[in-house]
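Trainee: Structure file upload-v5.cif, mmCIF, C-alpha atoms, is pasted below:
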```cif
data_coords
#
loop_
_atom_site.label_atom_id
_atom_site.label_comp_id
_atom_site.auth_asym_id
_atom_site.auth_seq_id
_atom_site.Cartn_x
_atom_site.Cartn_y
_atom_site.Cartn_z
CA MET A 997 33.94 -54.43 -25.99
CA LYS A 998 33.04 -55.84 -22.60
CA ILE A 999 30.41 -57.91 -20.86
CA ALA A 1000 29.33 -56.21 -17.62
CA PHE A 1001 27.98 -58.09 -14.61
CA TYR A 1002 25.93 -56.10 -12.10
CA LYS A 1003 26.81 -56.67 -8.45
CA GLY A 1004 25.69 -53.34 -7.00
CA THR A 1005 23.74 -53.23 -3.78
CA LYS A 1006 23.12 -49.50 -3.49
CA THR A 1007 19.34 -49.90 -3.32
CA PHE A 1008 17.23 -52.92 -2.48
CA HIS A 1009 15.21 -54.34 -5.35
CA PRO A 1010 13.22 -57.55 -4.68
CA VAL A 1011 13.86 -59.10 -8.11
CA THR A 1012 17.60 -58.39 -7.89
CA TRP A 1013 17.64 -59.94 -4.42
CA LEU A 1014 15.67 -62.98 -5.63
CA ILE A 1015 17.96 -63.58 -8.62
CA ARG A 1016 21.00 -63.47 -6.35
CA LYS A 1017 19.38 -65.74 -3.79
CA ILE A 1018 18.14 -68.34 -6.28
CA THR A 1019 21.40 -68.43 -8.26
CA SER A 1020 23.71 -68.18 -5.22
CA SER A 1021 25.56 -65.37 -6.92
CA GLN A 1022 26.61 -61.78 -6.39
CA TYR A 1023 25.44 -60.99 -9.95
CA SER A 1024 21.87 -60.19 -10.91
CA HIS A 1025 22.25 -58.65 -14.37
CA VAL A 1026 24.45 -58.70 -17.45
CA ALA A 1027 24.86 -56.08 -20.18
CA ILE A 1028 27.07 -55.29 -23.17
CA VAL A 1029 29.51 -52.38 -22.98
CA PHE A 1030 30.70 -50.98 -26.30
CA SER A 1031 34.15 -49.46 -26.76
CA ASP A 1032 32.56 -45.98 -26.96
CA GLY A 1033 30.93 -46.45 -23.52
CA ARG A 1034 27.38 -47.18 -24.69
CA ILE A 1035 25.60 -49.97 -22.84
CA ALA A 1036 22.96 -52.26 -24.33
CA GLU A 1037 20.76 -54.45 -22.19
CA ALA A 1038 17.45 -56.21 -21.75
CA THR A 1039 15.96 -55.18 -18.43
CA GLY A 1040 12.78 -55.61 -16.44
CA LYS A 1041 13.71 -52.75 -14.15
CA PRO A 1042 11.98 -49.57 -15.30
CA VAL A 1043 14.43 -46.75 -15.81
CA ARG A 1044 12.96 -43.70 -17.48
CA ALA A 1045 9.90 -45.84 -18.35
CA SER A 1046 11.99 -48.19 -20.49
CA LEU A 1047 11.62 -51.95 -20.14
CA GLY A 1048 12.98 -54.66 -22.39
CA VAL A 1049 15.75 -54.17 -24.92
CA ARG A 1050 17.26 -50.72 -24.79
CA TRP A 1051 20.32 -48.55 -24.98
CA SER A 1052 20.89 -47.80 -21.31
CA PRO A 1053 21.01 -44.19 -20.11
CA LEU A 1054 24.04 -45.36 -18.10
CA ARG A 1055 27.41 -45.11 -19.85
CA TYR A 1056 30.66 -46.85 -19.02
CA ASP A 1057 33.13 -44.20 -17.99
CA GLY A 1058 35.78 -46.28 -16.22
CA SER A 1059 35.01 -44.55 -12.92
CA GLU A 1060 35.51 -46.07 -9.51
CA GLU A 1061 31.75 -45.81 -8.90
CA PHE A 1062 31.04 -47.87 -12.01
CA HIS A 1063 33.52 -50.54 -10.95
CA GLN A 1064 32.02 -50.69 -7.46
CA ASN A 1065 28.75 -51.86 -9.03
CA TRP A 1066 29.90 -53.82 -12.06
CA ASP A 1067 32.49 -56.49 -12.88
CA LEU A 1068 33.72 -56.55 -16.48
CA ILE A 1069 35.18 -59.07 -18.87
CA SER A 1070 36.76 -57.81 -22.08
CA VAL A 1071 35.78 -59.59 -25.28
CA PRO A 1072 38.08 -58.99 -28.24
CA ALA A 1073 35.96 -57.67 -31.10
CA THR A 1074 36.73 -55.91 -34.34
CA GLN A 1075 35.07 -52.63 -35.26
CA GLN A 1076 32.95 -54.57 -37.77
CA GLN A 1077 31.80 -57.00 -35.06
CA GLU A 1078 30.88 -54.09 -32.75
CA GLU A 1079 28.88 -52.56 -35.60
CA GLN A 1080 27.09 -55.88 -36.19
CA ILE A 1081 26.21 -56.10 -32.51
CA ALA A 1082 25.02 -52.47 -32.47
CA ALA A 1083 22.81 -53.23 -35.50
CA PHE A 1084 21.43 -56.27 -33.65
CA VAL A 1085 20.61 -54.04 -30.67
CA ASP A 1086 19.08 -51.28 -32.84
CA ALA A 1087 16.83 -53.81 -34.56
CA ARG A 1088 15.53 -55.02 -31.20
CA VAL A 1089 15.21 -51.84 -29.14
CA GLY A 1090 11.74 -51.84 -27.64
CA GLU A 1091 11.28 -55.61 -27.76
CA PRO A 1092 9.79 -56.78 -24.47
CA PHE A 1093 11.46 -58.09 -21.35
CA SER A 1094 10.36 -61.65 -20.61
CA TRP A 1095 9.12 -61.95 -17.07
CA ARG A 1096 8.21 -65.53 -17.92
CA GLY A 1097 11.84 -66.06 -18.93
CA LEU A 1098 13.07 -64.58 -15.68
CA PHE A 1099 10.77 -66.77 -13.63
CA SER A 1100 11.88 -69.86 -15.57
CA PHE A 1101 14.93 -69.69 -13.27
CA ILE A 1102 12.76 -69.62 -10.19
CA ALA A 1103 9.96 -72.04 -11.07
CA PRO A 1104 10.63 -73.89 -14.33
CA TRP A 1105 7.91 -76.41 -13.47
CA LEU A 1106 5.35 -73.58 -13.68
CA VAL A 1107 6.49 -71.55 -16.68
CA GLY A 1108 8.71 -73.95 -18.62
CA ARG A 1109 12.43 -74.01 -19.24
CA LEU A 1110 14.09 -70.84 -20.46
CA GLU A 1111 14.87 -72.43 -23.84
CA GLN A 1112 11.10 -72.69 -24.39
CA VAL A 1113 10.34 -69.04 -23.60
CA THR A 1114 9.78 -66.92 -26.69
CA ASP A 1115 7.83 -63.92 -25.37
CA GLY A 1116 10.81 -61.57 -25.01
CA TRP A 1117 14.34 -61.27 -23.71
CA ILE A 1118 16.10 -61.52 -20.39
CA CYS A 1119 19.54 -60.00 -19.89
CA THR A 1120 21.52 -63.20 -20.46
CA THR A 1121 19.74 -64.40 -23.59
CA PHE A 1122 19.85 -60.93 -25.13
CA SER A 1123 23.54 -60.35 -24.39
CA MET A 1124 24.64 -63.73 -25.70
CA ALA A 1125 22.38 -63.52 -28.79
CA ALA A 1126 23.86 -60.10 -29.57
CA MET A 1127 27.40 -61.46 -29.26
CA ARG A 1128 26.52 -64.45 -31.44
CA SER A 1129 25.11 -62.13 -34.12
CA ALA A 1130 28.71 -61.09 -34.77
CA GLY A 1131 30.22 -64.56 -34.41
CA LEU A 1132 31.47 -63.99 -30.85
CA LEU A 1133 31.16 -66.31 -27.85
CA LEU A 1134 29.33 -68.93 -29.93
CA ASP A 1135 29.97 -71.65 -27.37
CA VAL A 1136 28.95 -69.68 -24.27
CA PRO A 1137 25.54 -70.85 -23.01
CA MET A 1138 22.61 -68.47 -23.58
CA TYR A 1139 20.02 -69.98 -21.31
CA VAL A 1140 21.73 -69.46 -17.97
CA CYS A 1141 22.04 -66.89 -15.22
CA PRO A 1142 24.69 -64.11 -15.12
CA ARG A 1143 26.80 -66.14 -12.66
CA ASP A 1144 27.13 -69.00 -15.15
CA ILE A 1145 28.21 -66.69 -17.98
CA MET A 1146 30.79 -65.09 -15.68
CA ARG A 1147 32.13 -68.50 -14.64
CA ASP A 1148 32.35 -69.64 -18.25
CA LEU A 1149 34.18 -66.49 -19.34
CA GLN A 1150 36.47 -66.48 -16.28
CA ALA A 1151 37.51 -70.05 -17.05
CA ARG A 1152 38.71 -68.89 -20.49
CA SER A 1153 40.38 -65.73 -19.22
CA GLN A 1154 44.14 -65.64 -18.97
CA THR A 1155 44.98 -61.93 -18.86
CA PRO A 1156 43.60 -59.63 -16.14
CA VAL A 1157 42.44 -56.25 -17.41
CA LEU A 1158 44.63 -53.38 -16.30
CA THR A 1159 42.95 -51.54 -13.47
CA PRO A 1160 42.16 -47.94 -14.45
CA SER A 1161 43.61 -45.26 -12.19
CA PHE A 1162 41.21 -43.17 -10.14
CA GLY A 1163 41.71 -39.72 -8.68
CA THR A 1164 45.23 -38.38 -8.49
CA ALA A 1165 48.30 -40.19 -9.70
CA SER A 1166 49.31 -40.97 -6.12
CA GLN A 1167 46.06 -42.85 -5.37
CA LYS A 1168 45.96 -46.55 -6.05
CA ALA A 1169 42.99 -47.96 -7.89
CA PRO A 1170 40.83 -50.48 -6.07
CA ALA A 1171 41.42 -54.11 -6.98
CA MET A 1172 38.88 -55.41 -9.44
CA ALA A 1173 39.10 -59.13 -8.94
CA GLY A 1174 36.14 -59.73 -11.24
CA SER A 1175 37.59 -57.94 -14.26
CA TYR A 1176 39.18 -60.14 -16.87
CA SER A 1177 40.10 -60.16 -20.52
CA LEU A 1178 39.49 -63.03 -22.89
CA PRO A 1179 42.39 -64.20 -25.02
CA LEU A 1180 42.30 -63.03 -28.63
CA ALA A 1181 41.95 -66.56 -29.97
CA ALA A 1182 39.40 -68.73 -28.24
#
```
Is it possible to express this structure as structure tokens?
Mentor:
Amino acid sequence: MKIAFYKGTKTFHPVTWLIRKITSSQYSHVAIVFSDGRIAEATGKPVRASLGVRWSPLRYDGSEEFHQNWDLISVPATQQQEEQIAAFVDARVGEPFSWRGLFSFIAPWLVGRLEQVTDGWICTTFSMAAMRSAGLLLDVPMYVCPRDIMRDLQARSQTPVLTPSFGTASQKAPAMAGSYSLPLAA
């Protein structure tokens, strides 16, 4: 199981740009990657007319293209914990994205602090709530931006994830400086 942090810049999106600008970060989104490649997320970006909590049409395949757009941190999880998280996701698919929650980062004096927003999910609160539903990452903050979750998880990380090989055996894989693995015991 992994936490994925979106850093892609293939196309300009004003909200993605604003999140990066306000948070001084290369990351604008966070999602959960299951060991079978499925991705769960809460998104305000319409893809196939789906907003809010969803199983993404995107799948993690370990490809170079995926790693050009996403940084990953492995989170040790048992099969039972993955199933608990998947059940958490299934129970919430279709729940709304919280634009108010998103804008609590930008103008908390207008919409309130993120902890006070209860009208839906943003990517960080959804991802951390899903992890917590299985007893994982209980001490990682929920009400923060993707950059802060990455920093928190990087600080705990001791073992870099092995870089997958791309193309032929003679080609070297690109360095993935933002890919880490959490220790088994936290």
Trainee: Check which residues satisfy the PyMOL selection byres ((chain A and resi 1130) around 10) in the file shown, then give them as a PyMOL selection string.
Mentor: chain A and resi 1073-1074+1076-1084+1125-1129+1131-1134
Trainee: Please produce a file of those selected residues containing C-alpha atoms, as a tab-separated table (two decimals), in the coordinates of the input.
Mentor:
```tsv
chain	number	residue	atom	x	y	z
A	1073	ALA	CA	35.96	-57.67	-31.10
A	1074	THR	CA	36.73	-55.91	-34.34
A	1076	GLN	CA	32.95	-54.57	-37.77
A	1077	GLN	CA	31.80	-57.00	-35.06
A	1078	GLU	CA	30.88	-54.09	-32.75
A	1079	GLU	CA	28.88	-52.56	-35.60
A	1080	GLN	CA	27.09	-55.88	-36.19
A	1081	ILE	CA	26.21	-56.10	-32.51
A	1082	ALA	CA	25.02	-52.47	-32.47
A	1083	ALA	CA	22.81	-53.23	-35.50
A	1084	PHE	CA	21.43	-56.27	-33.65
A	1125	ALA	CA	22.38	-63.52	-28.79
A	1126	ALA	CA	23.86	-60.10	-29.57
A	1127	MET	CA	27.40	-61.46	-29.26
A	1128	ARG	CA	26.52	-64.45	-31.44
A	1129	SER	CA	25.11	-62.13	-34.12
A	1131	GLY	CA	30.22	-64.56	-34.41
A	1132	LEU	CA	31.47	-63.99	-30.85
A	1133	LEU	CA	31.16	-66.31	-27.85
A	1134	LEU	CA	29.33	-68.93	-29.93
```
Trainee: May I ask which of the residues A:Val1011, A:Leu1068, A:Leu1149, A:Ile1028 is the closest one to Trp1095 in chain A, counting all atoms listed in the file?
Mentor: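 Checking each of A:Val1011, A:Leu1068, A:Leu1149, A:Ile1028 against Trp1095 in chain A, counting all atoms listed in the file, the winner is A:Val1011.
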Trainee: Could you expand the PyMOL selection byres ((chain A and resi 1118) around 8) into the explicit residues it covers here, written as a compact mmCIF listing (two decimals) with C-alpha atoms, in the coordinates of the input?
Mentor:
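Final file, result_29.txt:
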```
# COMPACT_ATOMS: atom_id res chain seq x y z
CA ALA A 1038 17.45 -56.21 -21.75
CA THR A 1039 15.96 -55.18 -18.43
CA GLY A 1040 12.78 -55.61 -16.44
CA GLY A 1048 12.98 -54.66 -22.39
CA PHE A 1093 11.46 -58.09 -21.35
CA SER A 1094 10.36 -61.65 -20.61
CA TRP A 1095 9.12 -61.95 -17.07
CA GLY A 1097 11.84 -66.06 -18.93
CA LEU A 1098 13.07 -64.58 -15.68
CA GLY A 1116 10.81 -61.57 -25.01
CA TRP A 1117 14.34 -61.27 -23.71
CA CYS A 1119 19.54 -60.00 -19.89
CA THR A 1120 21.52 -63.20 -20.46
CA THR A 1121 19.74 -64.40 -23.59
CA PHE A 1122 19.85 -60.93 -25.13
```
Trainee: Give me, please, the distance in Å between CA of Asn1065 in chain A and CA of Phe1001 in chain A, quoted to one decimal.
Mentor: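 We find that CA of Asn1065 in chain A and CA of Phe1001 in chain A lie 8.4 Å from each other.
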Trainee: Could you check how far CA of Glu1037 in chain A sits from CA of Tyr1139 in chain A, in Å to one decimal?
Mentor: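 These two atoms are separated by 15.6 Å.
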Trainee: One decimal, Å: what's the distance from CA of Asp1032 in chain A over to CA of Met1124 in chain A, could you say?
Mentor: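 Interatomic distance here is 19.5 Å.
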Trainee: Selected by the PyMOL selection byres ((chain A and resi 1055-1062) around 7) in the shown coordinates: which residues, as a ChimeraX atom specification?
Mentor: /A:1029,1033-1035,1053-1054,1063-1066,1160,1162
Trainee: For C-alpha atoms, I'd like the residues from the last selection saved as an mmCIF file, in the coordinates of the input.
Mentor:
```cif
data_model
loop_
_atom_site.group_PDB
_atom_site.id
_atom_site.type_symbol
_atom_site.label_atom_id
_atom_site.label_comp_id
_atom_site.auth_asym_id
_atom_site.auth_seq_id
_atom_site.Cartn_x
_atom_site.Cartn_y
_atom_site.Cartn_z
ATOM 1 C CA VAL A 1029 29.510 -52.380 -22.980
ATOM 2 C CA GLY A 1033 30.930 -46.450 -23.520
ATOM 3 C CA ARG A 1034 27.380 -47.180 -24.690
ATOM 4 C CA ILE A 1035 25.600 -49.970 -22.840
ATOM 5 C CA PRO A 1053 21.010 -44.190 -20.110
ATOM 6 C CA LEU A 1054 24.040 -45.360 -18.100
ATOM 7 C CA HIS A 1063 33.520 -50.540 -10.950
ATOM 8 C CA GLN A 1064 32.020 -50.690 -7.460
ATOM 9 C CA ASN A 1065 28.750 -51.860 -9.030
ATOM 10 C CA TRP A 1066 29.900 -53.820 -12.060
ATOM 11 C CA PRO A 1160 42.160 -47.940 -14.450
ATOM 12 C CA PHE A 1162 41.210 -43.170 -10.140
#
```
Trainee: Residues at most 12 Å from Val1140 in chain A, counting only C-alpha atoms, excluding those fewer than 3 positions away in the same chain, as a short mmCIF file (atom, residue, chain, number, x, y, z; two decimals) with C-alpha atoms, in the frame of the given file?
Mentor:
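Output saved as part-v5.cif:
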```cif
data_model
loop_
_atom_site.label_atom_id
_atom_site.label_comp_id
_atom_site.auth_asym_id
_atom_site.auth_seq_id
_atom_site.Cartn_x
_atom_site.Cartn_y
_atom_site.Cartn_z
CA ILE A 1015 17.96 -63.58 -8.62
CA THR A 1019 21.40 -68.43 -8.26
CA SER A 1024 21.87 -60.19 -10.91
CA HIS A 1025 22.25 -58.65 -14.37
CA VAL A 1026 24.45 -58.70 -17.45
CA GLY A 1097 11.84 -66.06 -18.93
CA LEU A 1098 13.07 -64.58 -15.68
CA SER A 1100 11.88 -69.86 -15.57
CA PHE A 1101 14.93 -69.69 -13.27
CA ILE A 1102 12.76 -69.62 -10.19
CA ARG A 1109 12.43 -74.01 -19.24
CA LEU A 1110 14.09 -70.84 -20.46
CA GLU A 1111 14.87 -72.43 -23.84
CA ILE A 1118 16.10 -61.52 -20.39
CA CYS A 1119 19.54 -60.00 -19.89
CA THR A 1120 21.52 -63.20 -20.46
CA THR A 1121 19.74 -64.40 -23.59
CA PHE A 1122 19.85 -60.93 -25.13
CA SER A 1123 23.54 -60.35 -24.39
CA MET A 1124 24.64 -63.73 -25.70
CA VAL A 1136 28.95 -69.68 -24.27
CA PRO A 1137 25.54 -70.85 -23.01
CA ARG A 1143 26.80 -66.14 -12.66
CA ASP A 1144 27.13 -69.00 -15.15
CA ILE A 1145 28.21 -66.69 -17.98
CA MET A 1146 30.79 -65.09 -15.68
CA ARG A 1147 32.13 -68.50 -14.64
CA ASP A 1148 32.35 -69.64 -18.25
#
```
Trainee: Of the candidates A:Lys1041, A:Phe1030, A:Pro1092, A:Gln1075, which shows the shortest atom-to-atom distance to Pro1010 in chain A, using only C-alpha atoms?
Mentor: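 Using only C-alpha atoms, Pro1010 in chain A sits closest to A:Lys1041.
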Trainee: May I have the protein, DNA and RNA residues with any atom at most 6 Å from the point (35.4, -59.1, -25.4), counting all atoms listed in the file, written as a PDB file with C-alpha atoms, in the frame of the given file?
Mentor:
```pdb
ATOM      1  CA  MET A 997      33.940 -54.430 -25.990  1.00  0.00           C
ATOM      2  CA  LYS A 998      33.040 -55.840 -22.600  1.00  0.00           C
ATOM      3  CA  SER A1070      36.760 -57.810 -22.080  1.00  0.00           C
ATOM      4  CA  VAL A1071      35.780 -59.590 -25.280  1.00  0.00           C
ATOM      5  CA  PRO A1072      38.080 -58.990 -28.240  1.00  0.00           C
ATOM      6  CA  ALA A1073      35.960 -57.670 -31.100  1.00  0.00           C
TER       7      ALA A1073
END
```
Trainee: Counting only C-alpha atoms, find residues at most 6 Å from (12.6, -50.4, -25.9) (file frame) and give them as a list in words.
Mentor: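 Protein and nucleic acid residues near the point are Ser1046, Gly1048, Val1049, Arg1050, Val1089, Gly1090 and Glu1091 of chain A.
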